[in-house]
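coords-v2.pdb, holding PDB, C-alpha atoms:
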```
ATOM      1  CA  MET A  92       3.602-120.430  69.876
ATOM      2  CA  ILE A  93       5.445-123.696  70.586
ATOM      3  CA  ASP A  94       8.689-124.189  68.694
ATOM      4  CA  VAL A  95       8.761-127.970  69.039
ATOM      5  CA  ILE A  96       6.454-130.698  70.280
ATOM      6  CA  ALA A  97       8.277-133.958  71.020
ATOM      7  CA  LEU A  98       6.119-137.059  71.364
ATOM      8  CA  GLY A  99       7.311-140.339  72.801
ATOM      9  CA  GLU A 100       7.850-142.442  75.900
ATOM     10  CA  THR A 101      10.015-141.334  78.787
ATOM     11  CA  MET A 102      11.073-143.883  81.399
ATOM     12  CA  ALA A 103      12.559-143.781  84.838
ATOM     13  CA  VAL A 104      16.197-144.850  84.514
ATOM     14  CA  VAL A 105      17.990-146.608  87.349
ATOM     15  CA  ALA A 106      21.791-146.688  87.256
ATOM     16  CA  PRO A 107      24.616-147.554  89.669
ATOM     17  CA  MET A 108      26.127-144.511  91.327
ATOM     18  CA  THR A 109      29.570-145.762  90.304
ATOM     19  CA  ALA A 110      30.651-147.421  87.057
ATOM     20  CA  GLU A 111      30.100-150.994  88.159
ATOM     21  CA  PRO A 112      27.671-153.713  87.006
ATOM     22  CA  LEU A 113      24.153-154.054  88.367
ATOM     23  CA  GLU A 114      25.096-157.406  89.893
ATOM     24  CA  THR A 115      27.547-155.830  92.334
ATOM     25  CA  ALA A 116      26.465-152.201  92.725
ATOM     26  CA  SER A 117      24.947-151.230  96.050
ATOM     27  CA  THR A 118      23.900-147.615  95.502
ATOM     28  CA  PHE A 119      21.775-146.325  92.624
ATOM     29  CA  SER A 120      20.424-143.101  91.160
ATOM     30  CA  VAL A 121      17.020-142.566  89.577
ATOM     31  CA  ALA A 122      16.758-140.238  86.596
ATOM     32  CA  THR A 123      14.707-139.945  83.410
ATOM     33  CA  ALA A 124      15.417-141.246  79.917
ATOM     34  CA  GLY A 125      13.560-140.928  76.645
ATOM     35  CA  ALA A 126      14.821-139.978  73.203
ATOM     36  CA  GLU A 127      12.135-137.388  72.593
ATOM     37  CA  SER A 128      12.159-135.849  76.065
ATOM     38  CA  ASN A 129      15.966-135.749  76.037
ATOM     39  CA  LEU A 130      15.719-133.635  72.918
ATOM     40  CA  ALA A 131      12.998-131.496  74.490
ATOM     41  CA  GLN A 132      15.181-130.718  77.506
ATOM     42  CA  TRP A 133      18.193-129.740  75.384
ATOM     43  CA  LEU A 134      16.028-127.407  73.302
ATOM     44  CA  ALA A 135      14.334-125.873  76.340
ATOM     45  CA  ASP A 136      17.739-125.294  77.927
ATOM     46  CA  TRP A 137      18.745-123.312  74.845
ATOM     47  CA  GLY A 138      15.662-121.138  75.228
ATOM     48  CA  HIS A 139      13.195-122.688  72.801
ATOM     49  CA  ALA A 140       9.534-123.192  73.697
ATOM     50  CA  VAL A 141       9.119-126.970  73.831
ATOM     51  CA  ALA A 142       6.343-129.336  74.887
ATOM     52  CA  TRP A 143       6.552-133.061  75.570
ATOM     53  CA  VAL A 144       3.520-135.233  74.754
ATOM     54  CA  SER A 145       3.148-138.710  76.242
ATOM     55  CA  ARG A 146       1.399-140.802  78.855
ATOM     56  CA  VAL A 147       2.714-142.010  82.205
ATOM     57  CA  GLY A 148       1.388-144.309  84.891
ATOM     58  CA  ASP A 149      -0.455-143.119  87.968
ATOM     59  CA  ASP A 150       2.600-143.916  90.054
ATOM     60  CA  PRO A 151       5.548-142.177  91.752
ATOM     61  CA  LEU A 152       7.851-142.762  88.783
ATOM     62  CA  GLY A 153       5.394-141.158  86.373
ATOM     63  CA  ARG A 154       5.096-138.128  88.600
ATOM     64  CA  ARG A 155       8.862-137.987  89.004
ATOM     65  CA  VAL A 156       9.429-138.074  85.251
ATOM     66  CA  THR A 157       6.869-135.351  84.585
ATOM     67  CA  GLN A 158       8.141-133.107  87.377
ATOM     68  CA  THR A 159      11.747-133.478  86.224
ATOM     69  CA  LEU A 160      10.949-132.346  82.691
ATOM     70  CA  ALA A 161       8.850-129.451  83.982
ATOM     71  CA  ARG A 162      11.718-128.280  86.189
ATOM     72  CA  ASN A 163      13.965-128.330  83.127
ATOM     73  CA  GLY A 164      11.691-125.931  81.270
ATOM     74  CA  VAL A 165       9.608-128.362  79.204
ATOM     75  CA  ASP A 166       5.838-127.839  78.919
ATOM     76  CA  THR A 167       4.229-131.032  80.289
ATOM     77  CA  SER A 168       0.607-129.909  80.053
ATOM     78  CA  TYR A 169      -0.034-132.405  77.225
ATOM     79  CA  VAL A 170       1.110-135.424  79.276
ATOM     80  CA  GLY A 171      -1.699-137.753  80.310
ATOM     81  CA  VAL A 172      -1.947-140.285  83.130
ATOM     82  CA  THR A 173      -3.141-143.842  82.483
ATOM     83  CA  PRO A 174      -4.429-145.578  85.638
ATOM     84  CA  GLY A 175      -3.634-149.275  85.750
ATOM     85  CA  ALA A 176      -0.600-149.061  83.439
ATOM     86  CA  PRO A 177       2.936-148.486  84.744
ATOM     87  CA  THR A 178       5.547-145.945  83.825
ATOM     88  CA  GLY A 179       8.342-147.715  81.953
ATOM     89  CA  VAL A 180      11.673-148.367  83.659
ATOM     90  CA  MET A 181      15.168-148.750  82.197
ATOM     91  CA  PHE A 182      18.230-150.076  84.006
ATOM     92  CA  LYS A 183      21.756-149.134  82.937
ATOM     93  CA  ASN A 184      24.381-151.836  83.373
ATOM     94  CA  PRO A 185      27.925-150.405  83.119
ATOM     95  CA  GLY A 186      30.508-152.804  81.699
ATOM     96  CA  VAL A 187      34.219-152.793  80.988
ATOM     97  CA  ASP A 188      33.849-151.754  77.359
ATOM     98  CA  SER A 189      30.318-150.373  77.150
ATOM     99  CA  THR A 190      27.053-149.778  78.975
ATOM    100  CA  THR A 191      24.114-152.040  78.215
ATOM    101  CA  VAL A 192      20.502-151.205  78.969
ATOM    102  CA  HIS A 193      17.631-153.370  80.147
ATOM    103  CA  TYR A 194      14.075-152.218  79.437
ATOM    104  CA  TYR A 195      10.937-152.931  81.461
ATOM    105  CA  ARG A 196       8.370-151.101  79.377
ATOM    106  CA  LYS A 197       5.990-153.720  77.940
ATOM    107  CA  ASN A 198       2.358-152.588  78.317
ATOM    108  CA  SER A 199       3.524-149.327  79.831
ATOM    109  CA  ALA A 200       1.243-146.294  79.830
ATOM    110  CA  ALA A 201       3.065-144.839  76.839
ATOM    111  CA  ALA A 202       2.851-148.113  74.908
ATOM    112  CA  LEU A 203      -0.937-147.821  75.121
ATOM    113  CA  MET A 204      -0.961-144.518  73.202
ATOM    114  CA  GLY A 205      -2.989-144.555  70.012
ATOM    115  CA  ALA A 206      -4.252-142.365  67.185
ATOM    116  CA  GLU A 207      -6.579-140.523  69.569
ATOM    117  CA  MET A 208      -3.508-138.616  70.808
ATOM    118  CA  VAL A 209      -3.451-136.689  67.521
ATOM    119  CA  GLU A 210      -6.396-134.581  68.618
ATOM    120  CA  LEU A 211      -4.604-133.444  71.786
ATOM    121  CA  LEU A 212      -1.907-131.512  69.948
ATOM    122  CA  PRO A 213      -2.253-127.725  69.477
ATOM    123  CA  TRP A 214      -1.722-127.840  65.729
ATOM    124  CA  ASP A 215      -2.352-124.116  65.291
ATOM    125  CA  LYS A 216       0.477-123.213  67.696
ATOM    126  CA  VAL A 217       3.363-125.546  66.834
ATOM    127  CA  ARG A 218       6.209-124.990  64.363
ATOM    128  CA  LEU A 219       7.684-128.487  64.363
ATOM    129  CA  LEU A 220       6.754-131.980  65.561
ATOM    130  CA  HIS A 221       9.558-134.349  66.558
ATOM    131  CA  LEU A 222       9.151-138.128  66.429
ATOM    132  CA  SER A 223      11.467-141.106  66.604
ATOM    133  CA  GLY A 224      11.551-144.704  65.433
ATOM    134  CA  ILE A 225      11.249-145.881  69.027
ATOM    135  CA  THR A 226       7.546-145.036  69.318
ATOM    136  CA  PRO A 227       6.229-147.331  66.538
ATOM    137  CA  ALA A 228       8.228-150.195  68.075
ATOM    138  CA  LEU A 229       6.311-149.965  71.354
ATOM    139  CA  SER A 230       2.981-151.344  70.112
ATOM    140  CA  GLU A 231       0.679-151.591  67.133
ATOM    141  CA  SER A 232      -1.370-148.668  68.398
ATOM    142  CA  CYS A 233       1.762-146.540  68.718
ATOM    143  CA  GLY A 234       2.610-147.343  65.100
ATOM    144  CA  GLN A 235      -0.843-146.170  64.073
ATOM    145  CA  LEU A 236      -0.317-143.015  66.103
ATOM    146  CA  VAL A 237       2.938-142.149  64.352
ATOM    147  CA  GLN A 238       1.427-142.471  60.883
ATOM    148  CA  SER A 239      -1.614-140.469  61.953
ATOM    149  CA  LEU A 240       0.708-137.734  63.204
ATOM    150  CA  PHE A 241       2.539-137.598  59.882
ATOM    151  CA  ASP A 242      -0.772-137.376  58.031
ATOM    152  CA  ARG A 243      -2.176-134.631  60.257
ATOM    153  CA  ALA A 244       1.069-132.629  60.221
ATOM    154  CA  LYS A 245       1.020-132.657  56.427
ATOM    155  CA  ARG A 246      -2.554-131.354  56.380
ATOM    156  CA  GLU A 247      -1.730-128.666  58.950
ATOM    157  CA  GLY A 248       1.498-127.576  57.254
ATOM    158  CA  VAL A 249       3.599-128.456  60.314
ATOM    159  CA  MET A 250       7.215-129.521  59.830
ATOM    160  CA  VAL A 251       8.173-132.978  61.109
ATOM    161  CA  SER A 252      11.602-134.134  62.221
ATOM    162  CA  PHE A 253      12.177-137.874  62.521
ATOM    163  CA  ASP A 254      15.086-139.627  64.193
ATOM    164  CA  VAL A 255      15.300-143.212  62.906
ATOM    165  CA  ASN A 256      16.614-144.354  66.314
ATOM    166  CA  TYR A 257      16.470-148.088  65.620
ATOM    167  CA  ARG A 258      16.431-150.134  68.844
ATOM    168  CA  PRO A 259      17.254-153.841  68.268
ATOM    169  CA  GLY A 260      15.940-154.674  71.734
ATOM    170  CA  LEU A 261      12.447-153.545  70.721
ATOM    171  CA  TRP A 262      12.038-155.123  67.277
ATOM    172  CA  SER A 263      13.935-157.043  64.629
ATOM    173  CA  VAL A 264      15.502-155.590  61.510
ATOM    174  CA  GLU A 265      12.967-157.557  59.474
ATOM    175  CA  SER A 266      10.079-155.880  61.297
ATOM    176  CA  ALA A 267      11.589-152.412  61.447
ATOM    177  CA  ALA A 268      13.321-151.819  58.111
ATOM    178  CA  GLU A 269      10.351-151.048  55.859
ATOM    179  CA  VAL A 270       8.426-149.193  58.564
ATOM    180  CA  LEU A 271      11.306-146.875  59.416
ATOM    181  CA  LEU A 272      12.137-146.319  55.758
ATOM    182  CA  ASN A 273       8.550-145.203  55.154
ATOM    183  CA  TYR A 274       8.606-142.723  58.044
ATOM    184  CA  ALA A 275      12.052-141.399  57.145
ATOM    185  CA  ARG A 276      10.878-140.575  53.617
ATOM    186  CA  GLN A 277       7.870-138.624  54.919
ATOM    187  CA  ALA A 278       9.756-136.319  57.286
ATOM    188  CA  THR A 279      10.848-132.766  56.647
ATOM    189  CA  TYR A 280      14.090-133.475  58.516
ATOM    190  CA  THR A 281      15.441-136.994  59.010
ATOM    191  CA  PHE A 282      18.292-138.034  61.314
ATOM    192  CA  VAL A 283      20.001-141.402  60.967
ATOM    193  CA  GLY A 284      23.315-142.921  61.962
ATOM    194  CA  LEU A 285      25.334-144.438  59.145
ATOM    195  CA  ASP A 286      25.823-147.591  61.218
ATOM    196  CA  GLU A 287      22.097-148.036  61.892
ATOM    197  CA  ALA A 288      21.267-147.337  58.239
ATOM    198  CA  GLN A 289      23.698-150.089  57.220
ATOM    199  CA  MET A 290      22.080-152.436  59.747
ATOM    200  CA  LEU A 291      18.547-151.697  58.571
ATOM    201  CA  TRP A 292      19.113-151.445  54.835
ATOM    202  CA  PRO A 293      22.008-153.683  53.671
ATOM    203  CA  GLY A 294      24.194-152.527  50.806
ATOM    204  CA  LEU A 295      24.712-148.946  51.968
ATOM    205  CA  GLU A 296      28.329-147.860  52.338
ATOM    206  CA  THR A 297      28.402-144.075  52.440
ATOM    207  CA  ALA A 298      26.274-141.154  53.581
ATOM    208  CA  ARG A 299      25.507-140.466  49.925
ATOM    209  CA  ASP A 300      24.126-144.004  49.583
ATOM    210  CA  VAL A 301      21.759-143.261  52.460
ATOM    211  CA  ARG A 302      20.648-140.066  50.744
ATOM    212  CA  ASP A 303      19.935-141.960  47.537
ATOM    213  CA  LEU A 304      17.751-144.391  49.473
ATOM    214  CA  LEU A 305      15.909-141.809  51.582
ATOM    215  CA  GLY A 306      15.267-139.384  48.790
ATOM    216  CA  GLY A 307      11.822-138.368  50.045
ATOM    217  CA  SER A 308      13.038-136.420  53.057
ATOM    218  CA  ASP A 309      13.524-132.705  52.394
ATOM    219  CA  THR A 310      16.667-132.610  54.518
ATOM    220  CA  LEU A 311      18.684-135.628  55.642
ATOM    221  CA  ILE A 312      21.348-135.641  58.341
ATOM    222  CA  VAL A 313      23.623-138.698  58.400
ATOM    223  CA  LYS A 314      25.744-139.121  61.535
ATOM    224  CA  ASP A 315      28.949-141.115  61.358
ATOM    225  CA  GLY A 316      30.050-141.372  64.973
ATOM    226  CA  ALA A 317      33.462-139.903  65.721
ATOM    227  CA  VAL A 318      33.994-139.078  62.031
ATOM    228  CA  GLY A 319      31.367-136.357  61.658
ATOM    229  CA  ALA A 320      27.970-135.649  60.167
ATOM    230  CA  THR A 321      26.693-134.771  56.696
ATOM    231  CA  GLU A 322      23.613-132.742  55.867
ATOM    232  CA  PHE A 323      21.910-133.230  52.510
ATOM    233  CA  GLY A 324      19.416-130.643  51.280
ATOM    234  CA  GLY A 325      18.368-130.634  47.642
ATOM    235  CA  ILE A 326      21.527-131.058  45.575
ATOM    236  CA  ALA A 327      23.746-129.527  48.254
ATOM    237  CA  SER A 328      25.626-131.376  50.981
ATOM    238  CA  THR A 329      27.661-130.146  53.933
ATOM    239  CA  PHE A 330      30.040-132.145  56.139
ATOM    240  CA  VAL A 331      31.318-131.060  59.550
ATOM    241  CA  PRO A 332      33.763-133.299  61.437
ATOM    242  CA  ALA A 333      32.926-134.443  64.942
ATOM    243  CA  SER A 334      34.562-132.783  67.913
ATOM    244  CA  VAL A 335      37.308-134.610  69.783
ATOM    245  CA  VAL A 336      35.959-135.767  73.142
ATOM    246  CA  GLU A 337      36.818-138.228  75.885
ATOM    247  CA  VAL A 338      33.732-140.421  75.845
ATOM    248  CA  VAL A 339      32.204-141.317  79.192
ATOM    249  CA  GLU A 340      28.998-142.824  77.776
ATOM    250  CA  VAL A 341      27.406-142.760  74.320
ATOM    251  CA  VAL A 342      23.772-143.126  75.442
ATOM    252  CA  GLY A 343      21.815-139.965  74.615
ATOM    253  CA  ALA A 344      24.391-138.422  72.272
ATOM    254  CA  GLY A 345      22.190-138.869  69.210
ATOM    255  CA  ASP A 346      19.287-137.101  70.900
ATOM    256  CA  ALA A 347      21.588-134.245  71.890
ATOM    257  CA  PHE A 348      22.929-133.941  68.340
ATOM    258  CA  ALA A 349      19.423-133.774  66.876
ATOM    259  CA  ALA A 350      18.472-131.118  69.424
ATOM    260  CA  GLY A 351      21.502-129.003  68.549
ATOM    261  CA  TRP A 352      20.805-129.260  64.823
ATOM    262  CA  LEU A 353      17.114-128.414  65.249
ATOM    263  CA  SER A 354      17.956-125.514  67.558
ATOM    264  CA  ALA A 355      20.178-123.944  64.901
ATOM    265  CA  MET A 356      17.584-124.635  62.212
ATOM    266  CA  LEU A 357      14.898-122.880  64.278
ATOM    267  CA  ASP A 358      17.313-119.981  64.743
ATOM    268  CA  GLY A 359      17.698-119.686  60.964
ATOM    269  CA  GLU A 360      21.367-120.750  60.863
ATOM    270  CA  GLN A 361      23.167-122.187  57.834
ATOM    271  CA  ALA A 362      24.078-125.865  57.406
ATOM    272  CA  SER A 363      27.592-125.691  58.838
ATOM    273  CA  ILE A 364      26.313-124.034  62.024
ATOM    274  CA  ARG A 365      23.460-126.524  62.321
ATOM    275  CA  LEU A 366      25.898-129.429  62.215
ATOM    276  CA  ALA A 367      28.414-127.715  64.496
ATOM    277  CA  ARG A 368      25.770-127.042  67.129
ATOM    278  CA  GLY A 369      24.672-130.650  66.856
ATOM    279  CA  HIS A 370      28.226-131.754  67.646
ATOM    280  CA  GLN A 371      28.408-129.216  70.474
ATOM    281  CA  PHE A 372      25.338-130.639  72.187
ATOM    282  CA  ALA A 373      26.531-134.212  71.582
ATOM    283  CA  VAL A 374      29.865-133.503  73.281
ATOM    284  CA  ARG A 375      28.031-132.605  76.477
ATOM    285  CA  ALA A 376      26.109-135.889  76.379
ATOM    286  CA  LEU A 377      29.196-137.953  75.554
ATOM    287  CA  SER A 378      31.091-136.393  78.461
ATOM    288  CA  SER A 379      28.579-137.509  81.085
ATOM    289  CA  THR A 380      26.637-140.540  82.253
ATOM    290  CA  SER A 381      23.477-138.411  82.102
ATOM    291  CA  ASP A 382      21.370-138.206  78.939
ATOM    292  CA  PHE A 383      20.879-134.478  79.529
ATOM    293  CA  GLN A 384      23.362-131.925  80.847
ATOM    294  CA  ALA A 385      22.314-128.281  81.116
ATOM    295  CA  LEU A 386      24.200-126.428  78.400
ATOM    296  CA  LYS A 387      23.301-122.757  78.899
ATOM    297  CA  LYS A 388      23.382-120.640  75.797
ATOM    298  CA  GLU A 389      25.949-118.206  77.124
ATOM    299  CA  ALA A 390      28.539-121.005  77.203
ATOM    300  CA  ALA A 391      28.372-121.476  73.439
ATOM    301  CA  ASP A 392      31.003-119.959  71.251
ATOM    302  CA  ILE A 393      30.549-121.668  67.897
ATOM    303  CA  ASP A 394      28.255-119.034  66.381
TER     304      ASP A 394
END
```
Written as structure tokens, that's how I'd like the structure from this file.
Amino acid sequence: MIDVIALGETMAVVAPMTAEPLETASTFSVATAGAESNLAQWLADWGHAVAWVSRVGDDPLGRRVTQTLARNGVDTSYVGVTPGAPTGVMFKNPGVDSTTVHYYRKNSAAALMGAEMVELLPWDKVRLLHLSGITPALSESCGQLVQSLFDRAKREGVMVSFDVNYRPGLWSVESAAEVLLNYARQATYTFVGLDEAQMLWPGLETARDVRDLLGGSDTLIVKDGAVGATEFGGIASTFVPASVVEVVEVVGAGDAFAAGWLSAMLDGEQASIRLARGHQFAVRALSSTSDFQALKKEAADID
């Protein structure tokens, strides 16, 4: 059995070795970055059986991405190679107050994914499918794929988690708002930041407002940055404050939080533990410039 299948694009990420802008940096590192594969690596590190589904180019970066995830315990046997299309690349540009990112992913191998990918998934072996709002922003065919995955998962009785993960650099609020609202309402578990919900759907002020809007999701998790996170399930709600942490970089923290929450859910833990483990994973991401930092289960002490 596979605990989680995470589907989405993973890019090669190029970043200065020191915290200085791209314009002046002289040495760089090459790593991997992708919301869904970040989550897959966190879950695999905790001991869950996880597979990543995507497509990469027939190029060194595609092979590097795939090999990196495999080394970190993620099943990459469902990753395809698309000749003639590149693996996407992302550049991190450290600044005084924040890090910006620059994407080079148009017409990438992953952006060419379509509804045919649905048939590649081992539906009889998977407990949960994880998707994010990044994938439908990549192309029209990727949008069709996401809806086809929701439809098939419903027929197969497979749980779906969906991280709204709105990326302004990929599409406008006007284009994204209704699409992401539709997906969020279909998911078994939905993750959304309060700030991104307010950006997408004006008029929302509190986590409860978000719950009222996204009433279709069985379980909703609203993250409010350094304040904490609230889980809504049925008529019940649970809030757990965020951990105090010296932030090095915020990129990847949302993926880590979702992985921690899903890990505890798969382990059968109660709401407070699910949220606490989400914060625990997020702290590791916030404390590093890397999107994924090996956690090791024996280091945990929150349970």
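Closest to A:Arg162 among A:Asp300, A:Glu360, A:Asp136, A:Glu269 is A:Asp136, based on all atoms listed in the file.
Going from atom CA of A:Asn256 over to atom CA of A:Val217, you cover 23.0 Å.
The nearest approach to A:Thr321 among the residues A:Met290, A:Ala278, A:Ala267, A:Arg365, with all atoms listed in the file taken into account, belongs to A:Arg365.
Taking atom CA of A:Ala288 and atom CA of A:Pro227 as endpoints, the distance between them is 17.2 Å.
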For stretch 106-109 of chain A, please output as a PyMOL selection string all residues within 6 Å (counting all atoms listed in the file; exclusion window: fewer than 6 positions along the same chain). chain A and resi 116+118-120+182-183
Using only C-alpha atoms, please write the residues we just selected to a file, as a PDB file, in the coordinates of the input.
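Saved result, selection.pdb, follows:
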```
ATOM      1  CA  ALA A 116      26.465-152.201  92.725  1.00  0.00           C
ATOM      2  CA  THR A 118      23.900-147.615  95.502  1.00  0.00           C
ATOM      3  CA  PHE A 119      21.775-146.325  92.624  1.00  0.00           C
ATOM      4  CA  SER A 120      20.424-143.101  91.160  1.00  0.00           C
ATOM      5  CA  PHE A 182      18.230-150.076  84.006  1.00  0.00           C
ATOM      6  CA  LYS A 183      21.756-149.134  82.937  1.00  0.00           C
TER       7      LYS A 183
END
```
Quick one: what's the axis-aligned box for stretch 256-270 of chain A, all listed atoms, 5 Å on every side, centre and edges in Å to one decimal, as AutoDock Vina command-line options?
```
--center_x 12.8 --center_y -151.0 --center_z 63.8 --size_x 18.8 --size_y 23.2 --size_z 25.9
```
Do you have the atom CA of A:Arg368-atom CA of A:Trp352 distance handy? 5.9 Å
Selection under test: the PyMOL selection byres ((chain A and resi 283) around 10); residues as a list of chain:residue names: A:Phe253, A:Asp254, A:Val255, A:Asn256, A:Tyr257, A:Ala275, A:Thr281, A:Phe282, A:Gly284, A:Leu285, A:Asp286, A:Glu287, A:Ala288, A:Ala298, A:Val301, A:Leu311, A:Ile312, A:Val313, A:Lys314, A:Asp315, A:Ala320, A:Gly345, A:Ala349
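Put simply, the PyMOL selection byres ((chain A and resi 153) around 9) on this file hits A:Thr101, A:Met102, A:Ala103, A:Arg146, A:Val147, A:Gly148, A:Asp149, A:Asp150, A:Pro151, A:Leu152, A:Arg154, A:Arg155, A:Val156, A:Thr157, A:Gln158, A:Val172, A:Pro177, A:Thr178, A:Gly179.
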Using the selection just defined, write its residues with C-alpha atoms as an mmCIF file, in the coordinates of the input.
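Saved the output as result.cif:
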```
data_model
loop_
_atom_site.group_PDB
_atom_site.id
_atom_site.type_symbol
_atom_site.label_atom_id
_atom_site.label_comp_id
_atom_site.auth_asym_id
_atom_site.auth_seq_id
_atom_site.Cartn_x
_atom_site.Cartn_y
_atom_site.Cartn_z
ATOM 1 C CA THR A 101 10.015 -141.334 78.787
ATOM 2 C CA MET A 102 11.073 -143.883 81.399
ATOM 3 C CA ALA A 103 12.559 -143.781 84.838
ATOM 4 C CA ARG A 146 1.399 -140.802 78.855
ATOM 5 C CA VAL A 147 2.714 -142.010 82.205
ATOM 6 C CA GLY A 148 1.388 -144.309 84.891
ATOM 7 C CA ASP A 149 -0.455 -143.119 87.968
ATOM 8 C CA ASP A 150 2.600 -143.916 90.054
ATOM 9 C CA PRO A 151 5.548 -142.177 91.752
ATOM 10 C CA LEU A 152 7.851 -142.762 88.783
ATOM 11 C CA ARG A 154 5.096 -138.128 88.600
ATOM 12 C CA ARG A 155 8.862 -137.987 89.004
ATOM 13 C CA VAL A 156 9.429 -138.074 85.251
ATOM 14 C CA THR A 157 6.869 -135.351 84.585
ATOM 15 C CA GLN A 158 8.141 -133.107 87.377
ATOM 16 C CA VAL A 172 -1.947 -140.285 83.130
ATOM 17 C CA PRO A 177 2.936 -148.486 84.744
ATOM 18 C CA THR A 178 5.547 -145.945 83.825
ATOM 19 C CA GLY A 179 8.342 -147.715 81.953
#
```
Evaluated on this file, the PyMOL selection byres ((chain A and resi 346) around 12) picks out some residues - which ones are they, written as JSON, numbers by chain? {"A": [97, 124, 125, 126, 127, 128, 129, 130, 131, 132, 133, 134, 221, 222, 223, 252, 253, 254, 255, 256, 282, 283, 284, 314, 341, 342, 343, 344, 345, 347, 348, 349, 350, 351, 352, 353, 369, 370, 372, 373, 374, 375, 376, 377, 382, 383, 384]}
Can you spit out the residues from that selection as a PDB file, keeping the file's coordinate frame, using C-alpha atoms?
```
ATOM      1  CA  ALA A  97       8.277-133.958  71.020  1.00  0.00           C
ATOM      2  CA  ALA A 124      15.417-141.246  79.917  1.00  0.00           C
ATOM      3  CA  GLY A 125      13.560-140.928  76.645  1.00  0.00           C
ATOM      4  CA  ALA A 126      14.821-139.978  73.203  1.00  0.00           C
ATOM      5  CA  GLU A 127      12.135-137.388  72.593  1.00  0.00           C
ATOM      6  CA  SER A 128      12.159-135.849  76.065  1.00  0.00           C
ATOM      7  CA  ASN A 129      15.966-135.749  76.037  1.00  0.00           C
ATOM      8  CA  LEU A 130      15.719-133.635  72.918  1.00  0.00           C
ATOM      9  CA  ALA A 131      12.998-131.496  74.490  1.00  0.00           C
ATOM     10  CA  GLN A 132      15.181-130.718  77.506  1.00  0.00           C
ATOM     11  CA  TRP A 133      18.193-129.740  75.384  1.00  0.00           C
ATOM     12  CA  LEU A 134      16.028-127.407  73.302  1.00  0.00           C
ATOM     13  CA  HIS A 221       9.558-134.349  66.558  1.00  0.00           C
ATOM     14  CA  LEU A 222       9.151-138.128  66.429  1.00  0.00           C
ATOM     15  CA  SER A 223      11.467-141.106  66.604  1.00  0.00           C
ATOM     16  CA  SER A 252      11.602-134.134  62.221  1.00  0.00           C
ATOM     17  CA  PHE A 253      12.177-137.874  62.521  1.00  0.00           C
ATOM     18  CA  ASP A 254      15.086-139.627  64.193  1.00  0.00           C
ATOM     19  CA  VAL A 255      15.300-143.212  62.906  1.00  0.00           C
ATOM     20  CA  ASN A 256      16.614-144.354  66.314  1.00  0.00           C
ATOM     21  CA  PHE A 282      18.292-138.034  61.314  1.00  0.00           C
ATOM     22  CA  VAL A 283      20.001-141.402  60.967  1.00  0.00           C
ATOM     23  CA  GLY A 284      23.315-142.921  61.962  1.00  0.00           C
ATOM     24  CA  LYS A 314      25.744-139.121  61.535  1.00  0.00           C
ATOM     25  CA  VAL A 341      27.406-142.760  74.320  1.00  0.00           C
ATOM     26  CA  VAL A 342      23.772-143.126  75.442  1.00  0.00           C
ATOM     27  CA  GLY A 343      21.815-139.965  74.615  1.00  0.00           C
ATOM     28  CA  ALA A 344      24.391-138.422  72.272  1.00  0.00           C
ATOM     29  CA  GLY A 345      22.190-138.869  69.210  1.00  0.00           C
ATOM     30  CA  ALA A 347      21.588-134.245  71.890  1.00  0.00           C
ATOM     31  CA  PHE A 348      22.929-133.941  68.340  1.00  0.00           C
ATOM     32  CA  ALA A 349      19.423-133.774  66.876  1.00  0.00           C
ATOM     33  CA  ALA A 350      18.472-131.118  69.424  1.00  0.00           C
ATOM     34  CA  GLY A 351      21.502-129.003  68.549  1.00  0.00           C
ATOM     35  CA  TRP A 352      20.805-129.260  64.823  1.00  0.00           C
ATOM     36  CA  LEU A 353      17.114-128.414  65.249  1.00  0.00           C
ATOM     37  CA  GLY A 369      24.672-130.650  66.856  1.00  0.00           C
ATOM     38  CA  HIS A 370      28.226-131.754  67.646  1.00  0.00           C
ATOM     39  CA  PHE A 372      25.338-130.639  72.187  1.00  0.00           C
ATOM     40  CA  ALA A 373      26.531-134.212  71.582  1.00  0.00           C
ATOM     41  CA  VAL A 374      29.865-133.503  73.281  1.00  0.00           C
ATOM     42  CA  ARG A 375      28.031-132.605  76.477  1.00  0.00           C
ATOM     43  CA  ALA A 376      26.109-135.889  76.379  1.00  0.00           C
ATOM     44  CA  LEU A 377      29.196-137.953  75.554  1.00  0.00           C
ATOM     45  CA  ASP A 382      21.370-138.206  78.939  1.00  0.00           C
ATOM     46  CA  PHE A 383      20.879-134.478  79.529  1.00  0.00           C
ATOM     47  CA  GLN A 384      23.362-131.925  80.847  1.00  0.00           C
TER      48      GLN A 384
END
```
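If you measure from each of A:Ala362, A:Ile326, A:Val141, A:Glu111 to A:Asp188 using only C-alpha atoms, the closest one turns out to be A:Glu111.
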Proximity of stretch 262-325 of chain A to stretch 234-242 of chain A: per-residue shortest pair, 10 Å limit, only C-alpha atoms, as a Markdown table:
```
| residue | atom | partner | partner_atom | distance |
| --- | --- | --- | --- | --- |
| A:Val270 | CA | A:Gly234 | CA | 8.9 |
| A:Asn273 | CA | A:Gln238 | CA | 9.5 |
| A:Tyr274 | CA | A:Gln238 | CA | 7.7 |
| A:Gln277 | CA | A:Phe241 | CA | 7.4 |
| A:Ala278 | CA | A:Phe241 | CA | 7.8 |
```
